[in-house]
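Pasted below: coords.cif, mmCIF, C-alpha atoms.
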data_query
loop_
_atom_site.group_PDB
_atom_site.id
_atom_site.type_symbol
_atom_site.label_atom_id
_atom_site.label_comp_id
_atom_site.auth_asym_id
_atom_site.auth_seq_id
_atom_site.Cartn_x
_atom_site.Cartn_y
_atom_site.Cartn_z
ATOM 1 C CA SER A 22 98.164 137.962 126.253
ATOM 2 C CA THR A 23 101.385 136.977 128.018
ATOM 3 C CA GLY A 24 101.908 133.717 126.109
ATOM 4 C CA LYS A 25 102.439 131.916 129.410
ATOM 5 C CA THR A 26 101.323 128.268 129.538
ATOM 6 C CA GLU A 27 100.797 126.065 132.573
ATOM 7 C CA PRO A 28 99.220 122.671 133.314
ATOM 8 C CA THR A 29 95.785 122.471 134.898
ATOM 9 C CA SER A 30 93.666 119.978 136.775
ATOM 10 C CA TYR A 31 90.968 117.990 134.988
ATOM 11 C CA SER A 32 88.676 115.011 135.350
ATOM 12 C CA PHE A 33 86.714 112.699 133.008
ATOM 13 C CA PHE A 34 83.200 111.600 134.000
ATOM 14 C CA LYS A 35 80.456 110.063 131.859
ATOM 15 C CA GLY A 36 81.967 111.285 128.617
ATOM 16 C CA LYS A 37 82.573 114.818 129.836
ATOM 17 C CA THR A 38 85.822 116.595 130.645
ATOM 18 C CA THR A 39 85.754 119.046 133.551
ATOM 19 C CA VAL A 40 88.488 121.669 133.847
ATOM 20 C CA PRO A 41 88.212 123.888 136.971
ATOM 21 C CA LEU A 42 89.222 127.496 136.290
ATOM 22 C CA HIS A 43 89.477 130.614 138.437
ATOM 23 C CA LEU A 44 89.157 133.820 136.443
ATOM 24 C CA GLU A 45 89.481 137.352 137.755
ATOM 25 C CA GLU A 46 87.362 140.227 136.450
ATOM 26 C CA ARG A 47 87.947 140.731 132.684
ATOM 27 C CA GLN A 48 90.398 137.816 132.639
ATOM 28 C CA SER A 49 90.367 135.044 130.031
ATOM 29 C CA VAL A 50 92.416 131.967 129.157
ATOM 30 C CA PHE A 51 92.681 129.440 126.346
ATOM 31 C CA VAL A 52 92.201 125.804 127.338
ATOM 32 C CA VAL A 53 94.299 123.678 124.996
ATOM 33 C CA PHE A 54 94.027 119.882 124.765
ATOM 34 C CA ARG A 55 97.394 118.892 123.328
ATOM 35 C CA LYS A 56 97.457 115.098 123.608
ATOM 36 C CA ASN A 57 95.183 112.125 124.121
ATOM 37 C CA THR A 58 95.405 110.436 127.519
ATOM 38 C CA ILE A 59 94.029 107.458 129.394
ATOM 39 C CA VAL A 60 94.542 109.120 132.794
ATOM 40 C CA THR A 61 91.029 109.940 134.030
ATOM 41 C CA SER A 62 91.958 112.797 136.343
ATOM 42 C CA ARG A 63 94.806 115.030 137.427
ATOM 43 C CA THR A 64 95.118 117.518 140.279
ATOM 44 C CA VAL A 65 97.690 120.272 139.935
ATOM 45 C CA PRO A 66 98.656 121.931 143.242
ATOM 46 C CA VAL A 67 97.778 125.626 143.447
ATOM 47 C CA VAL A 68 100.977 127.682 143.665
ATOM 48 C CA LYS A 69 100.521 130.712 145.896
ATOM 49 C CA PRO A 70 102.830 133.731 145.797
ATOM 50 C CA ILE A 71 105.029 134.721 148.727
ATOM 51 C CA LEU A 72 105.082 138.387 149.751
ATOM 52 C CA LEU A 73 108.534 139.944 149.419
ATOM 53 C CA SER A 74 107.766 143.581 150.100
ATOM 54 C CA THR A 75 105.001 146.187 150.175
ATOM 55 C CA LEU A 76 106.053 149.475 148.579
ATOM 56 C CA THR A 77 105.034 152.373 150.803
ATOM 57 C CA GLY A 78 105.433 156.131 150.395
ATOM 58 C CA PRO A 79 106.626 158.602 149.594
ATOM 59 C CA TRP A 80 105.484 158.518 145.964
ATOM 60 C CA GLU A 81 106.176 161.281 143.456
ATOM 61 C CA ILE A 82 103.290 161.862 141.039
ATOM 62 C CA ASP A 83 103.856 163.834 137.815
ATOM 63 C CA PHE A 84 100.633 164.957 136.127
ATOM 64 C CA GLN A 85 100.093 165.370 132.400
ATOM 65 C CA PRO A 86 100.505 169.100 131.619
ATOM 66 C CA ALA A 87 97.690 171.435 130.582
ATOM 67 C CA MET A 88 95.023 169.217 132.158
ATOM 68 C CA GLY A 89 94.293 171.313 135.231
ATOM 69 C CA ALA A 90 96.493 169.548 137.807
ATOM 70 C CA PRO A 91 99.807 170.778 139.259
ATOM 71 C CA ASP A 92 102.992 169.567 137.568
ATOM 72 C CA LYS A 93 103.855 167.207 140.435
ATOM 73 C CA ILE A 94 103.063 166.328 144.018
ATOM 74 C CA GLU A 95 104.464 163.957 146.639
ATOM 75 C CA VAL A 96 102.203 161.699 148.713
ATOM 76 C CA GLU A 97 102.895 159.403 151.652
ATOM 77 C CA SER A 98 99.992 157.058 150.913
ATOM 78 C CA LEU A 99 98.021 156.051 147.836
ATOM 79 C CA GLU A 100 94.443 157.217 147.396
ATOM 80 C CA SER A 101 92.036 158.146 144.611
ATOM 81 C CA TRP A 102 92.680 161.498 142.967
ATOM 82 C CA THR A 103 89.031 162.302 143.728
ATOM 83 C CA ALA A 104 89.856 162.396 147.473
ATOM 84 C CA ASN A 105 92.315 165.276 146.982
ATOM 85 C CA THR A 106 91.309 168.756 148.144
ATOM 86 C CA ASP A 107 93.011 170.361 145.112
ATOM 87 C CA GLU A 108 90.245 170.538 142.490
ATOM 88 C CA GLY A 109 92.817 170.273 139.703
ATOM 89 C CA ILE A 110 93.681 166.805 141.013
ATOM 90 C CA LYS A 111 90.175 165.882 142.172
ATOM 91 C CA TYR A 112 88.751 166.324 138.664
ATOM 92 C CA PHE A 113 91.899 165.327 136.763
ATOM 93 C CA SER A 114 91.504 163.158 133.686
ATOM 94 C CA GLY A 115 94.550 162.009 131.743
ATOM 95 C CA THR A 116 97.832 160.286 132.584
ATOM 96 C CA ALA A 117 99.872 160.696 135.757
ATOM 97 C CA THR A 118 103.205 158.996 136.473
ATOM 98 C CA TYR A 119 103.948 157.522 139.892
ATOM 99 C CA LYS A 120 107.677 157.273 140.679
ATOM 100 C CA LYS A 121 109.700 155.712 143.449
ATOM 101 C CA THR A 122 112.928 153.790 144.066
ATOM 102 C CA PHE A 123 112.939 150.475 145.907
ATOM 103 C CA GLU A 124 115.605 148.028 147.022
ATOM 104 C CA ALA A 125 115.851 144.456 145.702
ATOM 105 C CA ALA A 126 117.617 142.128 148.126
ATOM 106 C CA LYS A 127 120.309 139.734 146.925
ATOM 107 C CA SER A 128 118.273 136.843 148.349
ATOM 108 C CA TRP A 129 115.526 137.492 145.766
ATOM 109 C CA PHE A 130 117.748 136.457 142.870
ATOM 110 C CA ILE A 131 117.523 132.671 143.060
ATOM 111 C CA GLU A 132 117.233 130.420 140.011
ATOM 112 C CA GLY A 133 113.663 129.273 139.539
ATOM 113 C CA THR A 134 112.184 132.363 141.207
ATOM 114 C CA SER A 135 109.858 134.788 139.425
ATOM 115 C CA ILE A 136 109.323 138.284 140.830
ATOM 116 C CA ILE A 137 105.859 139.734 140.257
ATOM 117 C CA LEU A 138 104.812 143.352 140.676
ATOM 118 C CA ASP A 139 101.228 143.563 141.971
ATOM 119 C CA LEU A 140 99.713 147.050 141.731
ATOM 120 C CA GLY A 141 96.619 146.282 143.771
ATOM 121 C CA LYS A 142 93.709 148.482 142.613
ATOM 122 C CA VAL A 143 94.210 150.652 139.524
ATOM 123 C CA CYS A 144 91.700 153.083 137.999
ATOM 124 C CA ASP A 145 91.815 152.530 135.141
ATOM 125 C CA LEU A 146 94.908 151.478 133.137
ATOM 126 C CA ALA A 147 98.627 151.287 133.995
ATOM 127 C CA GLU A 148 101.855 151.193 132.003
ATOM 128 C CA VAL A 149 104.812 149.941 134.051
ATOM 129 C CA LEU A 150 108.516 150.683 133.566
ATOM 130 C CA VAL A 151 111.300 149.196 135.691
ATOM 131 C CA ASN A 152 114.717 150.843 135.388
ATOM 132 C CA GLY A 153 113.457 152.657 132.311
ATOM 133 C CA LYS A 154 112.411 149.460 130.493
ATOM 134 C CA PRO A 155 108.813 148.509 129.610
ATOM 135 C CA ALA A 156 107.263 145.950 131.954
ATOM 136 C CA GLY A 157 103.778 145.748 130.482
ATOM 137 C CA ILE A 158 100.469 147.567 130.052
ATOM 138 C CA LEU A 159 97.871 146.398 132.585
ATOM 139 C CA TRP A 160 94.139 146.950 132.129
ATOM 140 C CA ASN A 161 92.423 144.198 134.092
ATOM 141 C CA VAL A 162 92.385 142.484 137.480
ATOM 142 C CA PRO A 163 94.781 141.298 138.787
ATOM 143 C CA PHE A 164 97.089 144.173 137.883
ATOM 144 C CA ARG A 165 100.246 142.041 137.922
ATOM 145 C CA THR A 166 103.327 141.812 135.733
ATOM 146 C CA ASP A 167 106.495 139.705 135.803
ATOM 147 C CA ILE A 168 109.525 141.959 136.324
ATOM 148 C CA THR A 169 112.130 139.245 136.997
ATOM 149 C CA GLY A 170 114.406 140.045 134.060
ATOM 150 C CA LEU A 171 114.268 143.812 134.667
ATOM 151 C CA LEU A 172 115.307 143.809 138.313
ATOM 152 C CA ARG A 173 118.821 144.326 139.589
ATOM 153 C CA LYS A 174 120.325 143.881 143.033
ATOM 154 C CA GLY A 175 120.102 147.063 145.077
ATOM 155 C CA PRO A 176 118.133 150.179 144.044
ATOM 156 C CA ASN A 177 115.553 149.948 141.246
ATOM 157 C CA ASP A 178 113.564 152.767 139.637
ATOM 158 C CA LEU A 179 109.840 152.182 139.228
ATOM 159 C CA GLU A 180 107.454 154.238 137.084
ATOM 160 C CA ILE A 181 103.728 153.535 136.856
ATOM 161 C CA LYS A 182 101.803 155.605 134.304
ATOM 162 C CA VAL A 183 98.117 155.563 135.218
ATOM 163 C CA THR A 184 95.387 156.771 132.869
ATOM 164 C CA ASN A 185 91.738 157.232 133.874
ATOM 165 C CA GLU A 186 88.509 158.050 132.052
ATOM 166 C CA TRP A 187 87.643 161.609 131.067
ATOM 167 C CA THR A 188 84.291 161.757 132.905
ATOM 168 C CA ASN A 189 85.773 163.320 136.065
ATOM 169 C CA ARG A 190 87.198 166.252 134.120
ATOM 170 C CA LEU A 191 83.861 166.694 132.362
ATOM 171 C CA ALA A 192 82.163 166.829 135.762
ATOM 172 C CA GLY A 193 84.695 169.380 136.977
ATOM 173 C CA ASP A 194 84.284 171.520 133.884
ATOM 174 C CA GLN A 195 80.519 171.633 134.395
ATOM 175 C CA LYS A 196 81.135 173.370 137.746
ATOM 176 C CA ALA A 197 84.041 175.560 136.635
ATOM 177 C CA ALA A 198 83.915 179.122 135.385
ATOM 178 C CA PRO A 199 84.360 179.397 131.594
ATOM 179 C CA GLU A 200 87.963 180.616 131.885
ATOM 180 C CA LYS A 201 88.886 177.638 134.105
ATOM 181 C CA LYS A 202 87.464 174.860 131.968
ATOM 182 C CA VAL A 203 90.080 172.361 130.784
ATOM 183 C CA LEU A 204 88.398 170.336 128.031
ATOM 184 C CA ASN A 205 85.848 172.962 126.990
ATOM 185 C CA SER A 206 83.588 170.151 125.809
ATOM 186 C CA SER A 207 79.869 170.444 125.152
ATOM 187 C CA LEU A 208 79.306 166.947 126.556
ATOM 188 C CA ARG A 209 77.664 166.831 129.964
ATOM 189 C CA VAL A 210 77.883 164.299 132.769
ATOM 190 C CA PHE A 211 74.618 163.057 134.258
ATOM 191 C CA GLY A 212 73.788 165.310 137.202
ATOM 192 C CA GLY A 213 74.273 163.910 140.697
ATOM 193 C CA ARG A 214 76.591 161.058 139.679
ATOM 194 C CA ASP A 215 79.605 160.288 141.830
ATOM 195 C CA LEU A 216 83.120 160.773 140.525
ATOM 196 C CA ASN A 217 84.926 157.629 139.412
ATOM 197 C CA ASP A 218 87.854 156.520 141.586
ATOM 198 C CA SER A 219 91.030 157.333 139.686
ATOM 199 C CA GLY A 220 94.770 156.717 139.937
ATOM 200 C CA LEU A 221 96.881 154.095 141.660
ATOM 201 C CA LEU A 222 95.137 152.950 144.841
ATOM 202 C CA GLY A 223 97.371 149.963 145.637
ATOM 203 C CA PRO A 224 98.636 148.452 147.785
ATOM 204 C CA VAL A 225 101.695 147.901 145.582
ATOM 205 C CA LYS A 226 103.461 144.640 146.400
ATOM 206 C CA LEU A 227 106.375 142.544 145.212
ATOM 207 C CA LEU A 228 105.607 138.827 145.164
ATOM 208 C CA LYS A 229 107.648 135.768 144.322
ATOM 209 C CA TYR A 230 106.755 132.454 142.776
ATOM 210 C CA THR A 231 109.220 129.563 142.906
ATOM 211 C CA ASP A 232 109.424 126.389 140.847
ATOM 212 C CA TYR A 233 110.176 124.377 143.976
ATOM 213 C CA GLN A 234 107.190 125.366 146.107
#
Output the file's structure as structure tokens, nothing else.
Amino acid sequence: STGKTEPTSYSFFKGKTTVPLHLEERQSVFVVFRKNTIVTSRTVPVVKPILLSTLTGPWEIDFQPAMGAPDKIEVESLESWTANTDEGIKYFSGTATYKKTFEAAKSWFIEGTSIILDLGKVCDLAEVLVNGKPAGILWNVPFRTDITGLLRKGPNDLEIKVTNEWTNRLAGDQKAAPEKKVLNSSLRVFGGRDLNDSGLLGPVKLLKYTDYQ
């Protein structure tokens, strides 16, 4: 929970109150009725974000040690680990850290503006740090977090720690020779199943919301 509150539209009709809501996958909200009112309806304009920048490659990816993947790689574009030809990455399960530096323009820092980091598609969980400071743990769609207070004019360091499920490594271990198994688990993955997409798939974007839209 972010603790953020905002007004919403509503209408009264034949003793019923209707509150329209748009919820993303795994998303939830609390609807709070704070005060009595005689106003039978209210429409709150939908505030849409404005795209500031799309963060492209290169990305440095540091993989959790002793889990079968190389220590680090550099990629120009984001894709699932399962698409990689290196089997240590293809079957990797654990946490990998995506790193890059991006520029924040002076024009972004206007009173009443919120800067949102949108990670796009993540498989399966992400912890975000901006300039070394925590910016949230994201586990559901949309993978967004407010980074306004962490940004500074000019270069900013971004780290995104992505953790996936362990089923891909189990699948890889089933195919591997005994000396190359990573988890050495007796659990088996159902034969013929596809690998689960894993990692940061993006696109990673910086968005802004303004109070005066």
Could you list, as a ChimeraX atom specification, every residue matched by the PyMOL selection byres ((chain A and resi 124) around 10) in this structure? /A:74,76,122-123,125-127,172-178
I need the residue set behind the PyMOL selection byres ((chain A and resi 49) around 12) for this file; please write it as a list of chain:residue names.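 This file, filtered by the PyMOL selection byres ((chain A and resi 49) around 12), leaves A:Ser22, A:Thr23, A:Leu42, A:His43, A:Leu44, A:Glu45, A:Glu46, A:Arg47, A:Gln48, A:Val50, A:Phe51, A:Val52, A:Asn161, A:Val162, A:Pro163.
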Would you output that residue set with C-alpha atoms, as a PDB file, in the coordinates of the input?
ATOM      1  CA  SER A  22      98.164 137.962 126.253  1.00  0.00           C
ATOM      2  CA  THR A  23     101.385 136.977 128.018  1.00  0.00           C
ATOM      3  CA  LEU A  42      89.222 127.496 136.290  1.00  0.00           C
ATOM      4  CA  HIS A  43      89.477 130.614 138.437  1.00  0.00           C
ATOM      5  CA  LEU A  44      89.157 133.820 136.443  1.00  0.00           C
ATOM      6  CA  GLU A  45      89.481 137.352 137.755  1.00  0.00           C
ATOM      7  CA  GLU A  46      87.362 140.227 136.450  1.00  0.00           C
ATOM      8  CA  ARG A  47      87.947 140.731 132.684  1.00  0.00           C
ATOM      9  CA  GLN A  48      90.398 137.816 132.639  1.00  0.00           C
ATOM     10  CA  VAL A  50      92.416 131.967 129.157  1.00  0.00           C
ATOM     11  CA  PHE A  51      92.681 129.440 126.346  1.00  0.00           C
ATOM     12  CA  VAL A  52      92.201 125.804 127.338  1.00  0.00           C
ATOM     13  CA  ASN A 161      92.423 144.198 134.092  1.00  0.00           C
ATOM     14  CA  VAL A 162      92.385 142.484 137.480  1.00  0.00           C
ATOM     15  CA  PRO A 163      94.781 141.298 138.787  1.00  0.00           C
TER      16      PRO A 163
END
Mind checking which residues fall within 9 Å of Leu216 in chain A, counting all atoms listed in the file, ignoring those fewer than 3 positions away in the same chain, and posting them as a VMD selection string? chain A and resid 103 111 to 112 188 to 189 192 219
Take the PyMOL selection byres ((chain A and resi 81) around 12), run it mentally on this structure, and tell me the resulting residues as a tab-separated table (two decimals) with C-alpha atoms, keeping the file's coordinate frame.
chain	number	residue	atom	x	y	z
A	77	THR	CA	105.03	152.37	150.80
A	78	GLY	CA	105.43	156.13	150.40
A	79	PRO	CA	106.63	158.60	149.59
A	80	TRP	CA	105.48	158.52	145.96
A	82	ILE	CA	103.29	161.86	141.04
A	83	ASP	CA	103.86	163.83	137.82
A	84	PHE	CA	100.63	164.96	136.13
A	92	ASP	CA	102.99	169.57	137.57
A	93	LYS	CA	103.86	167.21	140.44
A	94	ILE	CA	103.06	166.33	144.02
A	95	GLU	CA	104.46	163.96	146.64
A	96	VAL	CA	102.20	161.70	148.71
A	97	GLU	CA	102.90	159.40	151.65
A	98	SER	CA	99.99	157.06	150.91
A	99	LEU	CA	98.02	156.05	147.84
A	117	ALA	CA	99.87	160.70	135.76
A	118	THR	CA	103.20	159.00	136.47
A	119	TYR	CA	103.95	157.52	139.89
A	120	LYS	CA	107.68	157.27	140.68
A	121	LYS	CA	109.70	155.71	143.45
A	122	THR	CA	112.93	153.79	144.07
A	178	ASP	CA	113.56	152.77	139.64
A	179	LEU	CA	109.84	152.18	139.23
A	180	GLU	CA	107.45	154.24	137.08
A	181	ILE	CA	103.73	153.54	136.86
A	182	LYS	CA	101.80	155.60	134.30
A	221	LEU	CA	96.88	154.10	141.66
Could you jot down the CA of Thr166 in chain A to CA of Thr75 in chain A separation for me, Å, one decimal place? 15.2 Å
Rank nothing, just name the residue among A:Ala197, A:Glu108, A:Glu132, A:Asn185 nearest to Asp218 in chain A, using all atoms listed in the file.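 Under the stated criterion, the closest residue is A:Asn185.
Distance check against Leu204 in chain A using only C-alpha atoms: of A:Val53, A:Asp139, A:Lys69, A:Ala87, the minimum falls on A:Ala87.
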Have a look at CA of Pro70 in chain A and CA of Ser30 in chain A and let me know their distance in Å, one decimal.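 These two atoms are separated by 18.8 Å.
Proximity to Gly115 in chain A was assessed for A:Arg190, A:Lys37, A:Lys196, A:Lys25 counting only C-alpha atoms; the smallest distance is recorded for A:Arg190.
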Tell me, in Å to one decimal, how far CA of Leu150 in chain A is from CA of Leu138 in chain A.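 Distance reported for this atom pair: 10.9 Å.
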Would you please work out which residue, of A:Ile158, A:Leu73, A:Ala90, A:Leu191, is nearest to Arg209 in chain A when using all atoms listed in the file?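 Using all atoms listed in the file, the shortest distance to Arg209 in chain A belongs to A:Leu191.
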